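**Student:** Pasting my_file_22.txt here (compact mmCIF, C-alpha atoms and all ligand atoms):
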# COMPACT_ATOMS: atom_id res chain seq x y z
CA MET A 213 -38.75 35.48 18.41
CA LYS A 214 -35.36 36.78 19.49
CA ILE A 215 -34.08 40.35 19.30
CA ARG A 216 -30.40 41.05 19.90
CA VAL A 217 -29.26 44.08 21.87
CA GLU A 218 -25.60 44.91 21.23
CA PRO A 219 -24.65 48.42 22.35
CA GLU A 220 -21.87 49.75 20.06
CA SER A 221 -20.30 51.65 22.96
CA SER A 222 -19.40 48.43 24.79
CA GLY A 223 -17.93 46.83 21.67
CA LYS A 224 -20.94 44.50 21.52
CA LYS A 225 -19.40 42.44 24.33
CA ASP A 226 -22.35 43.13 26.62
CA GLY A 227 -24.88 41.94 24.06
CA TYR A 228 -27.98 40.00 25.11
CA ASP A 229 -31.13 38.47 23.70
CA ILE A 230 -34.71 39.58 24.25
CA ILE A 231 -36.78 36.41 23.95
CA ILE A 232 -40.48 36.96 23.24
CA ASP A 233 -43.04 34.15 23.27
CA ALA A 234 -46.27 32.96 24.85
CA GLY A 235 -45.81 30.17 27.42
CA ILE A 236 -42.13 30.61 28.34
CA ILE A 237 -42.86 30.35 32.06
CA GLY A 238 -45.78 27.96 32.14
CA GLY A 239 -46.46 26.35 28.80
CA ASN A 240 -43.28 25.45 26.96
CA PRO A 241 -41.75 21.98 27.18
CA ALA A 242 -38.68 21.82 29.44
CA GLY A 243 -36.26 21.22 26.55
CA LYS A 244 -37.28 24.39 24.73
CA THR A 245 -36.95 26.53 27.84
CA VAL A 246 -33.58 25.12 28.85
CA SER A 247 -32.20 25.66 25.37
CA LEU A 248 -33.44 29.27 25.48
CA LEU A 249 -31.55 29.85 28.72
CA ASN A 250 -28.46 27.99 27.51
CA SER A 251 -28.36 30.01 24.32
CA ALA A 252 -28.58 33.17 26.44
CA GLY A 253 -25.47 31.93 28.30
CA ILE A 254 -27.19 31.55 31.67
CA ASN A 255 -25.34 29.27 34.12
CA LEU A 256 -28.14 27.11 35.53
CA LYS A 257 -25.93 25.86 38.38
CA ALA A 258 -25.43 29.37 39.85
CA GLY A 259 -27.49 30.92 42.68
CA PHE A 260 -30.57 33.00 41.78
CA LEU A 261 -32.52 35.62 43.75
CA ALA A 262 -35.84 36.61 42.18
CA VAL A 263 -37.01 40.09 43.21
CA THR A 264 -40.77 40.44 42.90
CA THR A 265 -43.91 42.03 44.35
CA LYS A 266 -46.68 40.61 46.48
CA THR A 267 -49.13 40.62 43.55
CA VAL A 268 -46.80 38.95 41.05
CA HIS A 269 -45.63 36.41 43.62
CA GLY A 270 -49.24 35.58 44.50
CA LEU A 271 -50.15 35.07 40.86
CA TYR A 272 -47.01 33.45 39.49
CA GLY A 273 -44.70 32.49 42.39
CA ASP A 274 -45.48 28.76 42.21
CA LYS A 275 -45.42 28.68 38.43
CA PHE A 276 -42.09 30.52 38.38
CA SER A 277 -40.55 28.16 40.95
CA ALA A 278 -41.71 25.20 38.85
CA PHE A 279 -40.23 26.88 35.76
CA LEU A 280 -36.85 27.39 37.44
CA LYS A 281 -36.78 23.78 38.64
CA LYS A 282 -37.77 22.57 35.18
CA CYS A 283 -34.74 24.44 33.86
CA GLY A 284 -32.47 22.62 36.33
CA ILE A 285 -32.09 25.65 38.60
CA GLU A 286 -32.08 24.38 42.20
CA ASN A 287 -30.46 27.20 44.14
CA PHE A 288 -33.06 29.98 44.06
CA ASP A 289 -35.02 32.18 46.43
CA PHE A 290 -37.53 35.04 46.27
CA ILE A 291 -37.57 38.44 47.92
CA VAL A 292 -41.17 39.69 47.89
CA LEU A 293 -41.65 43.47 48.13
CA PRO A 294 -44.74 45.70 48.29
CA ASP A 295 -46.42 46.84 45.06
CA GLY A 296 -46.18 50.44 43.89
CA GLU A 297 -43.77 53.16 42.83
CA SER A 298 -42.73 53.84 46.44
CA THR A 299 -40.91 50.48 46.42
CA LYS A 300 -38.36 52.03 44.03
CA SER A 301 -36.57 53.52 47.03
CA LEU A 302 -33.36 53.40 49.06
CA LYS A 303 -35.13 51.35 51.75
CA TYR A 304 -36.01 48.44 49.48
CA LEU A 305 -32.68 48.66 47.64
CA SER A 306 -31.06 48.15 51.01
CA ASP A 307 -33.38 45.20 51.79
CA ILE A 308 -32.24 43.50 48.58
CA HIS A 309 -28.57 44.16 49.42
CA ASP A 310 -29.12 42.70 52.90
CA ARG A 311 -30.58 39.54 51.42
CA LEU A 312 -27.76 39.19 48.87
CA ILE A 313 -25.18 39.53 51.64
CA ASP A 314 -27.03 37.08 53.95
CA LYS A 315 -27.11 34.56 51.13
CA ARG A 316 -23.45 35.26 50.34
CA MET A 317 -24.25 35.63 46.70
CA GLU A 318 -21.32 36.09 44.33
CA ARG A 319 -20.80 38.03 41.12
CA SER A 320 -21.34 34.91 39.07
CA ASP A 321 -24.81 34.46 40.64
CA TYR A 322 -27.96 36.11 39.28
CA ILE A 323 -30.63 38.56 40.33
CA ILE A 324 -33.90 38.05 38.45
CA ALA A 325 -36.22 41.05 38.15
CA PHE A 326 -39.61 39.34 38.13
CA GLY A 327 -42.26 42.05 37.88
CA GLY A 328 -43.15 45.38 36.29
CA GLY A 329 -40.98 48.42 35.66
CA VAL A 330 -40.66 49.24 39.36
CA ILE A 331 -39.07 45.87 40.09
CA GLY A 332 -36.96 45.96 36.92
CA ASP A 333 -35.47 49.36 37.79
CA LEU A 334 -34.92 48.51 41.47
CA ALA A 335 -33.56 44.96 41.02
CA GLY A 336 -31.37 46.14 38.14
CA PHE A 337 -29.86 48.86 40.33
CA ALA A 338 -29.33 46.34 43.14
CA ALA A 339 -27.51 44.13 40.60
CA ALA A 340 -25.41 47.09 39.39
CA THR A 341 -24.33 48.05 42.90
CA TYR A 342 -23.86 44.73 44.74
CA LEU A 343 -20.20 43.63 44.50
CA ARG A 344 -19.83 46.31 41.78
CA GLY A 345 -22.07 44.26 39.52
CA ILE A 346 -23.72 40.85 39.67
CA ASN A 347 -25.46 39.03 36.81
CA PHE A 348 -29.00 40.13 36.14
CA ILE A 349 -31.97 38.78 34.15
CA GLN A 350 -35.18 40.64 33.34
CA VAL A 351 -38.46 38.71 33.39
CA PRO A 352 -40.96 41.54 32.87
CA THR A 353 -44.62 40.98 33.72
CA THR A 354 -46.35 44.22 32.65
CA LEU A 355 -46.78 45.57 29.13
CA LEU A 356 -44.83 48.68 30.11
CA ALA A 357 -41.90 46.57 31.27
CA ASP A 358 -42.12 44.31 28.19
CA VAL A 359 -41.90 47.16 25.71
CA ASP A 360 -39.72 49.63 27.54
CA SER A 361 -38.20 49.33 30.99
CA SER A 362 -36.76 45.80 30.69
CA VAL A 363 -34.73 46.73 27.61
CA GLY A 364 -31.81 49.13 27.43
CA GLY A 365 -30.21 48.95 30.86
CA LYS A 366 -31.57 52.01 32.65
CA THR A 367 -31.82 51.08 36.32
CA GLY A 368 -32.45 53.16 39.40
CA ILE A 369 -34.58 54.40 42.24
CA ASP A 370 -36.55 57.56 43.01
CA HIS A 371 -35.56 60.30 45.45
CA PRO A 372 -38.21 62.26 47.40
CA LYS A 373 -37.18 65.29 45.29
CA GLY A 374 -37.54 63.60 41.92
CA LYS A 375 -37.99 60.46 39.89
CA ASN A 376 -35.10 58.22 38.83
CA LEU A 377 -32.57 60.64 40.31
CA ILE A 378 -30.30 57.83 41.53
CA GLY A 379 -29.31 55.09 39.12
CA SER A 380 -26.97 53.61 36.57
CA PHE A 381 -26.81 52.05 33.14
CA TYR A 382 -26.53 48.31 33.67
CA GLN A 383 -27.46 45.80 31.00
CA PRO A 384 -29.13 42.45 31.79
CA LYS A 385 -27.79 39.11 30.56
CA ALA A 386 -31.17 38.23 29.03
CA VAL A 387 -34.76 39.45 28.85
CA LEU A 388 -37.49 36.78 28.88
CA ILE A 389 -40.90 38.13 27.85
CA ASP A 390 -43.82 35.74 28.36
CA VAL A 391 -46.91 37.37 26.87
CA ASP A 392 -49.16 34.92 28.76
CA MET A 393 -48.58 36.83 31.98
CA LEU A 394 -50.28 39.92 30.56
CA LYS A 395 -53.66 38.17 30.86
CA THR A 396 -53.86 38.95 34.58
CA LEU A 397 -52.93 42.60 34.15
CA ASP A 398 -55.90 44.91 34.62
CA LYS A 399 -57.09 47.11 31.77
CA ARG A 400 -55.66 50.27 33.28
CA GLU A 401 -52.20 48.69 33.52
CA LEU A 402 -52.45 47.43 29.94
CA ALA A 403 -53.32 50.93 28.70
CA ASN A 404 -50.48 52.29 30.85
CA GLY A 405 -47.98 50.16 28.91
CA PHE A 406 -49.71 50.95 25.63
CA ALA A 407 -48.79 54.62 26.11
CA GLU A 408 -45.09 53.73 25.66
CA VAL A 409 -46.01 51.71 22.55
CA ILE A 410 -47.79 54.78 21.10
CA LYS A 411 -44.60 56.73 21.83
CA TYR A 412 -42.54 54.51 19.47
CA GLY A 413 -45.07 54.95 16.66
CA ALA A 414 -45.64 58.67 17.16
CA ALA A 415 -41.94 59.64 17.32
CA LEU A 416 -40.25 56.96 15.21
CA ASP A 417 -42.44 54.78 12.99
CA ALA A 418 -45.43 56.08 11.04
CA ASP A 419 -46.45 52.61 9.75
CA PHE A 420 -46.43 51.24 13.28
CA PHE A 421 -48.57 54.17 14.41
CA LYS A 422 -51.06 53.34 11.65
CA TYR A 423 -51.10 49.70 12.84
CA LEU A 424 -51.89 50.88 16.38
CA GLU A 425 -54.74 53.10 15.13
CA SER A 426 -56.26 50.08 13.34
CA ASN A 427 -55.66 47.50 16.06
CA TYR A 428 -55.85 49.24 19.45
CA LYS A 429 -59.17 47.52 20.30
CA LYS A 430 -57.70 44.03 19.76
CA ILE A 431 -54.55 44.93 21.69
CA LEU A 432 -56.47 46.34 24.63
CA THR A 433 -58.64 43.22 24.80
CA TYR A 434 -55.56 41.01 25.23
CA ASP A 435 -55.39 39.55 21.70
CA GLU A 436 -52.21 37.43 21.87
CA GLU A 437 -51.07 37.83 18.27
CA SER A 438 -51.32 41.62 18.25
CA LEU A 439 -49.71 41.85 21.69
CA ILE A 440 -46.75 39.81 20.45
CA HIS A 441 -46.52 42.04 17.39
CA ILE A 442 -46.45 45.32 19.32
CA ILE A 443 -43.94 43.95 21.85
CA GLU A 444 -41.64 42.74 19.06
CA ARG A 445 -41.84 46.01 17.14
CA SER A 446 -41.37 48.15 20.27
CA CYS A 447 -38.38 46.08 21.45
CA SER A 448 -36.80 46.20 17.96
CA ILE A 449 -37.12 49.97 17.82
CA LYS A 450 -35.73 50.36 21.33
CA ALA A 451 -32.87 47.88 20.74
CA ASP A 452 -31.89 49.75 17.58
CA ILE A 453 -31.64 53.03 19.46
CA VAL A 454 -29.85 51.58 22.49
CA ASN A 455 -27.33 49.90 20.16
CA LYS A 456 -26.45 53.30 18.68
CA ASP A 457 -26.56 55.35 21.90
CA GLU A 458 -26.53 53.23 25.06
CA LYS A 459 -25.80 56.05 27.53
CA GLU A 460 -28.16 58.66 26.08
CA SER A 461 -25.57 61.07 24.77
CA GLY A 462 -27.85 62.04 21.88
CA LEU A 463 -30.24 59.88 19.89
CA ARG A 464 -31.58 57.85 22.84
CA SER A 465 -33.31 60.91 24.26
CA VAL A 466 -35.91 60.54 21.49
CA LEU A 467 -37.37 57.86 23.79
CA ASN A 468 -38.22 60.72 26.12
CA PHE A 469 -40.97 61.90 23.76
CA GLY A 470 -43.77 62.96 26.11
CA HIS A 471 -41.55 62.53 29.17
CA SER A 472 -40.50 66.15 29.89
CA LEU A 473 -44.02 67.22 30.82
CA GLY A 474 -44.93 63.62 31.79
CA HIS A 475 -42.28 63.44 34.51
CA ALA A 476 -43.42 66.84 35.80
CA VAL A 477 -47.01 65.52 36.01
CA GLU A 478 -45.81 62.47 37.98
CA THR A 479 -43.79 64.67 40.34
CA LEU A 480 -46.73 67.03 40.91
CA TYR A 481 -48.95 64.05 41.73
CA ASN A 482 -46.25 62.80 44.11
CA TYR A 483 -46.19 59.57 42.04
CA GLU A 484 -49.63 58.73 43.44
CA ASN A 485 -52.97 58.36 41.61
CA ILE A 486 -51.34 58.56 38.19
CA LYS A 487 -49.39 55.88 36.37
CA HIS A 488 -46.19 56.47 34.43
CA GLY A 489 -47.81 55.72 31.04
CA GLU A 490 -50.78 57.95 31.83
CA ALA A 491 -48.47 60.87 32.63
CA ILE A 492 -46.53 60.18 29.41
CA ALA A 493 -49.80 60.16 27.43
CA VAL A 494 -50.56 63.68 28.71
CA GLY A 495 -46.97 64.65 27.90
CA MET A 496 -47.17 63.30 24.33
CA VAL A 497 -50.31 65.30 23.55
CA PHE A 498 -48.64 68.38 25.01
CA ALA A 499 -45.45 67.77 22.98
CA ALA A 500 -47.52 67.31 19.79
CA LYS A 501 -49.46 70.53 20.44
CA LEU A 502 -46.22 72.37 21.18
CA SER A 503 -44.76 71.00 17.93
CA LYS A 504 -47.71 72.46 16.04
CA HIS A 505 -47.44 75.75 17.96
CA LEU A 506 -43.81 75.99 16.80
CA GLY A 507 -44.79 75.31 13.20
CA LEU A 508 -43.26 71.83 13.05
CA CYS A 509 -46.28 69.57 12.53
CA GLY A 510 -49.89 69.98 11.40
CA GLU A 511 -53.24 69.85 13.18
CA GLU A 512 -53.96 66.37 11.77
CA ASP A 513 -50.84 64.88 13.42
CA VAL A 514 -51.88 66.34 16.78
CA ASN A 515 -55.43 65.03 16.43
CA ARG A 516 -54.31 61.52 15.45
CA ILE A 517 -52.06 61.25 18.53
CA LYS A 518 -54.73 62.73 20.79
CA ASN A 519 -57.47 60.46 19.40
CA LEU A 520 -55.42 57.27 19.76
CA ILE A 521 -54.60 58.23 23.34
CA ILE A 522 -58.22 59.01 24.22
CA ASN A 523 -59.52 55.89 22.44
CA SER A 524 -57.07 53.80 24.48
CA GLY A 525 -58.57 55.13 27.71
CA LEU A 526 -55.54 57.28 28.49
CA PRO A 527 -55.66 60.91 29.68
CA ALA A 528 -54.88 63.63 27.12
CA ASP A 529 -55.52 66.91 28.96
CA ILE A 530 -52.95 68.52 31.21
CA PRO A 531 -54.03 68.32 34.87
CA ASP A 532 -54.88 71.55 36.70
CA PHE A 533 -51.53 72.63 38.08
CA THR A 534 -50.24 76.16 37.46
CA PRO A 535 -47.64 76.91 34.76
CA GLU A 536 -45.23 77.83 37.61
CA GLN A 537 -45.66 74.38 39.17
CA TYR A 538 -45.00 72.67 35.83
CA ILE A 539 -41.90 74.74 35.14
CA ASN A 540 -40.47 74.13 38.63
CA ALA A 541 -41.06 70.38 38.29
CA MET A 542 -39.53 70.33 34.80
CA LYS A 543 -36.39 72.04 36.08
CA LEU A 544 -35.54 68.80 37.93
CA ASP A 545 -35.40 66.99 34.59
CA LYS A 546 -32.04 65.52 33.65
CA LYS A 547 -32.26 67.14 30.19
CA VAL A 548 -32.13 70.67 31.59
CA ALA A 549 -29.23 72.98 30.70
CA ASP A 550 -29.15 76.55 32.00
CA LYS A 551 -32.54 78.09 31.31
CA GLN A 552 -33.47 75.60 28.63
CA ILE A 553 -34.72 72.06 28.33
CA LYS A 554 -34.11 69.52 25.54
CA PHE A 555 -37.56 68.76 24.17
CA VAL A 556 -38.52 65.95 21.78
CA LEU A 557 -40.93 67.36 19.20
CA ILE A 558 -42.43 65.85 16.05
CA LYS A 559 -42.25 67.11 12.47
CA ARG A 560 -45.00 64.67 11.54
CA ILE A 561 -46.05 61.31 12.93
CA GLY A 562 -43.01 59.00 12.91
CA THR A 563 -40.43 61.78 12.54
CA PHE A 564 -38.95 63.61 15.52
CA GLU A 565 -36.82 66.68 16.09
CA PHE A 566 -34.83 67.74 19.16
CA LYS A 567 -35.03 71.38 20.23
CA MET A 568 -33.58 73.26 23.18
CA LEU A 569 -36.50 75.36 24.41
CA ASP A 570 -36.49 78.30 26.82
CA PHE A 571 -38.59 77.75 29.92
CA GLY A 572 -40.16 81.17 29.16
CA LEU A 573 -41.59 79.82 25.90
CA ILE A 574 -42.98 76.71 27.62
CA TYR A 575 -44.41 78.86 30.41
CA ASP A 576 -46.21 81.10 27.91
CA TYR A 577 -47.60 78.11 26.01
CA LEU A 578 -48.79 76.42 29.23
CA THR A 579 -50.49 79.71 30.21
CA LYS A 580 -52.23 79.82 26.82
CA LEU A 581 -53.45 76.20 27.18
CA THR A 582 -54.62 76.83 30.74
CA LYS A 583 -56.66 79.85 29.58
CA LEU A 584 -58.20 77.79 26.76
CA LYS A 585 -59.34 75.25 29.36
CA THR A 586 -61.09 77.88 31.50
CA PRO A 587 -64.77 78.19 30.35
N1 LIG A 601 -35.81 51.68 32.96
C1 LIG A 601 -36.49 52.22 31.99
O1 LIG A 601 -36.01 52.39 30.86
C2 LIG A 601 -37.94 52.61 32.23
C3 LIG A 601 -38.77 52.93 31.16
C4 LIG A 601 -40.11 53.23 31.42
C5 LIG A 601 -40.59 53.18 32.72
N2 LIG A 601 -39.76 52.87 33.74
C6 LIG A 601 -40.25 52.78 35.11
O2 LIG A 601 -41.19 51.72 35.21
C7 LIG A 601 -42.03 51.97 36.32
C8 LIG A 601 -43.48 51.65 35.97
O3 LIG A 601 -43.56 50.29 35.63
P1 LIG A 601 -44.98 49.54 35.55
O4 LIG A 601 -45.94 50.42 34.85
O5 LIG A 601 -44.71 48.19 35.04
O6 LIG A 601 -45.50 49.55 37.07
P2 LIG A 601 -45.31 48.50 38.26
O7 LIG A 601 -44.01 47.83 38.19
O8 LIG A 601 -45.64 49.25 39.50
O9 LIG A 601 -46.45 47.42 37.99
C9 LIG A 601 -47.79 47.82 38.04
C10 LIG A 601 -48.63 46.91 38.94
O10 LIG A 601 -48.96 45.71 38.25
C11 LIG A 601 -48.70 44.57 39.06
N3 LIG A 601 -48.37 43.49 38.14
C12 LIG A 601 -47.20 43.27 37.52
N4 LIG A 601 -47.30 42.25 36.67
C13 LIG A 601 -48.57 41.79 36.75
C14 LIG A 601 -49.28 40.75 36.10
N5 LIG A 601 -48.72 40.01 35.16
N6 LIG A 601 -50.58 40.56 36.43
C15 LIG A 601 -51.18 41.34 37.36
N7 LIG A 601 -50.57 42.36 38.01
C16 LIG A 601 -49.27 42.57 37.71
C17 LIG A 601 -47.55 45.03 39.93
O11 LIG A 601 -47.43 44.24 41.07
C18 LIG A 601 -47.94 46.48 40.23
O12 LIG A 601 -48.86 46.54 41.28
C19 LIG A 601 -41.82 53.41 36.73
O13 LIG A 601 -41.07 53.45 37.91
C20 LIG A 601 -41.02 53.99 35.58
O14 LIG A 601 -40.16 55.04 35.97
C21 LIG A 601 -38.44 52.57 33.52
Will you turn the file into structure tokens for me?

**Tutor:**
Amino acid sequence: MKIRVEPESSGKKDGYDIIIDAGIIGGNPAGKTVSLLNSAGINLKAGFLAVTTKTVHGLYGDKFSAFLKKCGIENFDFIVLPDGESTKSLKYLSDIHDRLIDKRMERSDYIIAFGGGVIGDLAGFAAATYLRGINFIQVPTTLLADVDSSVGGKTGIDHPKGKNLIGSFYQPKAVLIDVDMLKTLDKRELANGFAEVIKYGAALDADFFKYLESNYKKILTYDEESLIHIIERSCSIKADIVNKDEKESGLRSVLNFGHSLGHAVETLYNYENIKHGEAIAVGMVFAAKLSKHLGLCGEEDVNRIKNLIINSGLPADIPDFTPEQYINAMKLDKKVADKQIKFVLIKRIGTFEFKMLDFGLIYDYLTKLTKLKTP
């Protein structure tokens, strides 16, 4: 299955394909793979640097090398970085730049992001900044990266004062999603990616949300067919939005459903002991409750979102930080203007609404929720 991303803002000239299949890396015959890369316009005679982590390299390094050779790619190398969010930093960005310079790589060469969202964001930003932009291919290996971070061109690194504070929009030349690689992902990581899938259903597609309610058990036990289905649907929804609003001047911020509080949760945890999708899960339940509090959606909508999140093994309750801590962390959000923040709320499952909300209102509601939690 192929999904085309063609942002209107760049006159469709920066369009690229998302290719989704099982066996792209290990199982497909050489001819099929080469034709996939040729049709994506990849120059197989160029130089390639695959950026990856220790875990992914250990599991798939040999297979990936064999895949590249099978495609006729001879000039390639790996840079293997530590696992974890702290790799999305200036230090490792600089390590990638050093390697690119040592190898004298040119603009017509390629960086491959071979890993989860951390590697995709970091390698993408390295590609955006080296020689003012070198070719870049996404080969995501986590569910989160398959359905979200590998598509749409947001790249960047974290700053000690906040997440994703340094970055750019930079589109890849192709995204290759091999569902087979999800089999080695642990259950917590699978659920982590599933949170972003729930986001698409909850904010944008009621039928898809219903499908997730009926099929979450199959999905979370690695059923290939349902995994392919949710990846295809999620990528289609995301591609559609990115095509209309590549640089997030309006519509694209709907993809931040659950992220305003979610990012604050990640910041308060110092990006440790909580995963991005888990923080977003907490944020989505909060956004749904806030939507009900403001008279936008009903109790049933809130309960359906909360139940799907809990049934998927994701956290739903806001962690025990004070309302002041949440508000201070939220003020670092990029969607903050003056004393207000742009919040994505829902009118019902599958239908969203943007609202600028005063921090005072959010503070009061957080205080109310905190009191309800106290026995
Ligand atoms: N650019 C965007 O639009 C966007 C969207 C959402 C999230 N993000 C970013 O994505 C990041 C989170 O990504 P993530 O959840 O993929 O985390 P991650 O990249 O840290 O990967 C999670 C862990 O799984 C391991 N792993 C990866 N593939 C594996 C496989 N196939 N089998 C076994 N283990 C494997 C990794 O080595 C890592 O230890 C965050 O930094 C977040 O900000 C970016």

**Student:** Using all atoms listed in the file - which residues lie no farther than 7 Å from the point (-42.4, 34.6, 29.2) in the file's frame? Write them as an MDAnalysis selection string.

**Tutor:** chainID A and resid 232:237 388:392

**Student:** List every protein, DNA or RNA residue with an atom no more than 10 Å from (-44.9, 67.9, 5.3) in the file's coordinates, counting all atoms listed in the file, and format the result as a PyMOL selection string.

**Tutor:** chain A and resi 508-510+559-560

**Student:** Give me the chain A side of the contact with ligand LIG 601 (chain A), cut-off 8 Å, one line per residue showing its nearest atom pair and distance in Å at one decimal, counting all atoms listed in the file, sorted by chain and residue number, as a Markdown table.

**Tutor:**
| residue | atom | partner | partner_atom | distance |
| --- | --- | --- | --- | --- |
| A:Thr264 | CA | A:LIG601 | O11 | 7.9 |
| A:Thr265 | CA | A:LIG601 | O11 | 5.3 |
| A:Lys266 | CA | A:LIG601 | O11 | 6.6 |
| A:Thr267 | CA | A:LIG601 | O11 | 4.7 |
| A:Val268 | CA | A:LIG601 | O11 | 5.3 |
| A:Leu271 | CA | A:LIG601 | N6 | 7.1 |
| A:Pro294 | CA | A:LIG601 | O11 | 7.8 |
| A:Asp295 | CA | A:LIG601 | O12 | 4.5 |
| A:Gly296 | CA | A:LIG601 | O8 | 4.6 |
| A:Glu297 | CA | A:LIG601 | O8 | 5.5 |
| A:Lys300 | CA | A:LIG601 | O13 | 6.8 |
| A:Gly327 | CA | A:LIG601 | C12 | 5.1 |
| A:Gly328 | CA | A:LIG601 | O7 | 3.2 |
| A:Gly329 | CA | A:LIG601 | O3 | 3.2 |
| A:Val330 | CA | A:LIG601 | O7 | 3.8 |
| A:Ile331 | CA | A:LIG601 | O7 | 5.6 |
| A:Gly332 | CA | A:LIG601 | N1 | 7.1 |
| A:Asp333 | CA | A:LIG601 | N1 | 5.4 |
| A:Pro352 | CA | A:LIG601 | N4 | 7.4 |
| A:Thr353 | CA | A:LIG601 | N4 | 4.2 |
| A:Thr354 | CA | A:LIG601 | N4 | 4.6 |
| A:Leu355 | CA | A:LIG601 | O5 | 6.8 |
| A:Leu356 | CA | A:LIG601 | O5 | 5.0 |
| A:Ala357 | CA | A:LIG601 | O5 | 5.0 |
| A:Asp360 | CA | A:LIG601 | C3 | 5.0 |
| A:Ser361 | CA | A:LIG601 | C1 | 3.5 |
| A:Ser362 | CA | A:LIG601 | N1 | 6.4 |
| A:Val363 | CA | A:LIG601 | O1 | 6.7 |
| A:Gly364 | CA | A:LIG601 | O1 | 6.3 |
| A:Gly365 | CA | A:LIG601 | N1 | 6.6 |
| A:Lys366 | CA | A:LIG601 | N1 | 4.3 |
| A:Thr367 | CA | A:LIG601 | N1 | 5.3 |
| A:Gly368 | CA | A:LIG601 | N1 | 7.4 |
| A:Ile369 | CA | A:LIG601 | O13 | 7.9 |
| A:Asp370 | CA | A:LIG601 | O13 | 8.0 |
| A:Lys375 | CA | A:LIG601 | O14 | 7.0 |
| A:Asn376 | CA | A:LIG601 | O14 | 6.6 |
| A:Met393 | CA | A:LIG601 | N5 | 4.5 |
| A:Leu394 | CA | A:LIG601 | N5 | 4.9 |
| A:Lys395 | CA | A:LIG601 | N6 | 6.8 |
| A:Thr396 | CA | A:LIG601 | N6 | 4.1 |
| A:Leu397 | CA | A:LIG601 | N6 | 3.9 |
| A:Asp398 | CA | A:LIG601 | C15 | 6.5 |
| A:Glu401 | CA | A:LIG601 | C9 | 6.4 |
| A:Asn404 | CA | A:LIG601 | O4 | 6.3 |
| A:Gly405 | CA | A:LIG601 | O4 | 6.3 |
| A:Glu408 | CA | A:LIG601 | C4 | 7.6 |
| A:Lys487 | CA | A:LIG601 | O4 | 6.6 |
| A:His488 | CA | A:LIG601 | C8 | 5.7 |
| A:Gly489 | CA | A:LIG601 | O4 | 6.8 |

**Student:** For region 499-516 of chain A, what centre and edge lengths in Å (one decimal) does the axis-aligned box get once 5 Å is added on each side of all its listed atoms, as lines of an AutoDock Vina configuration file?

**Tutor:**
center_x = -49.3
center_y = 68.8
center_z = 17.2
size_x = 22.2
size_y = 24.5
size_z = 21.6

**Student:** Got a sec: who's within 8 Å of Tyr538 (chain A), counting only C-alpha atoms, leaving out chain neighbours fewer than 6 positions off, as a PDB file with C-alpha atoms, in the frame of the given file?

**Tutor:**
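Once written, selection-v2.pdb looks like this:
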ATOM      1  CA  LEU A 473     -44.020  67.220  30.820  1.00  0.00           C
ATOM      2  CA  ALA A 476     -43.420  66.840  35.800  1.00  0.00           C
ATOM      3  CA  VAL A 477     -47.010  65.520  36.010  1.00  0.00           C
ATOM      4  CA  LEU A 480     -46.730  67.030  40.910  1.00  0.00           C
TER       5      LEU A 480
END

**Student:** Using all atoms listed in the file, find each residue of region 380-458 of chain A with at least one atom at most 10 Å away from an atom of region 247-258 of chain A; report its shortest atom-to-atom pair and that distance in Å (one decimal), sort the rows by chain and rising residue number, and return the result as a Markdown table.

**Tutor:**
| residue | atom | partner | partner_atom | distance |
| --- | --- | --- | --- | --- |
| A:Lys385 | CA | A:Ala252 | CA | 7.3 |
| A:Ala386 | CA | A:Ala252 | CA | 6.2 |
| A:Val387 | CA | A:Ala252 | CA | 9.1 |
| A:Leu388 | CA | A:Leu249 | CA | 9.1 |

**Student:** Kindly give the distance, in Å, that separates CA of Asn347 (chain A) and CA of Ile323 (chain A), rounded to a single decimal.

**Tutor:** 6.3 Å

**Student:** So, with all atoms listed in the file as the atoms that count, which of A:Ile521, A:His475, A:Ile346, A:Thr341 lies closest to Tyr428 (chain A)?

**Tutor:**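 Among A:Ile521, A:His475, A:Ile346, A:Thr341, it is A:Ile521 that comes nearest to Tyr428 (chain A).
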
**Student:** Rounded to one decimal place, report the CA of Glu478 (chain A)-CA of Ala491 (chain A) distance in Å.

**Tutor:**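 Interatomic distance, CA of Glu478 (chain A) to CA of Ala491 (chain A): 6.2 Å.
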
**Student:** I want to know what sits within 10 Å of Leu280 (chain A), based on only C-alpha atoms, with residues of the same chain fewer than 6 positions away left out; could you give that as a list of chain:residue names?

**Tutor:**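 Final neighbour list, sorted by chain and number: A:Ile237, A:Ala242, A:Thr245, A:Val246, A:Leu256, A:Phe260, A:Asp274, A:Glu286, A:Asn287, A:Phe288.
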
**Student:** From the options A:Leu544, A:Leu581, A:Ala418, A:Cys283, which residue's atoms come nearest to His371 (chain A), counting only C-alpha atoms?

**Tutor:**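 Closest candidate: A:Leu544.
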
**Student:** For a test of reading the model, state the distance in Å between CA of Ser221 (chain A) and CA of Glu458 (chain A), rounded to one decimal.

**Tutor:** 6.8 Å

**Student:** Counting all atoms listed in the file, which of A:His505, A:Arg516, A:Tyr483, A:Ile442 gets nearest to Gly374 (chain A)?

**Tutor:**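 Once distances to Gly374 (chain A) are computed over all atoms listed in the file, the minimum belongs to A:Tyr483.
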
**Student:** With all atoms listed in the file as the atoms that count, which of A:Ala338, A:Leu261, A:Leu526, A:Ala500 lies nearest to Leu402 (chain A)?

**Tutor:** A:Leu526

**Student:** With distances taken over all atoms listed in the file, which of A:Asn540, A:Ser380, A:Ser301, A:Thr579 is nearest to Arg344 (chain A)?

**Tutor:**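 Residue with the minimum atom-to-atom distance to Arg344 (chain A): A:Ser380.
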
**Student:** If you count only C-alpha atoms, which residues fall within 8 Å of region 564-567 of chain A, apart from same-chain ones fewer than 6 positions away, as a list in words?

**Tutor:**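 Selected residues are Ala415, Leu416, Val466, Lys554, Phe555, Val556, Leu557 and Ile558 of chain A.
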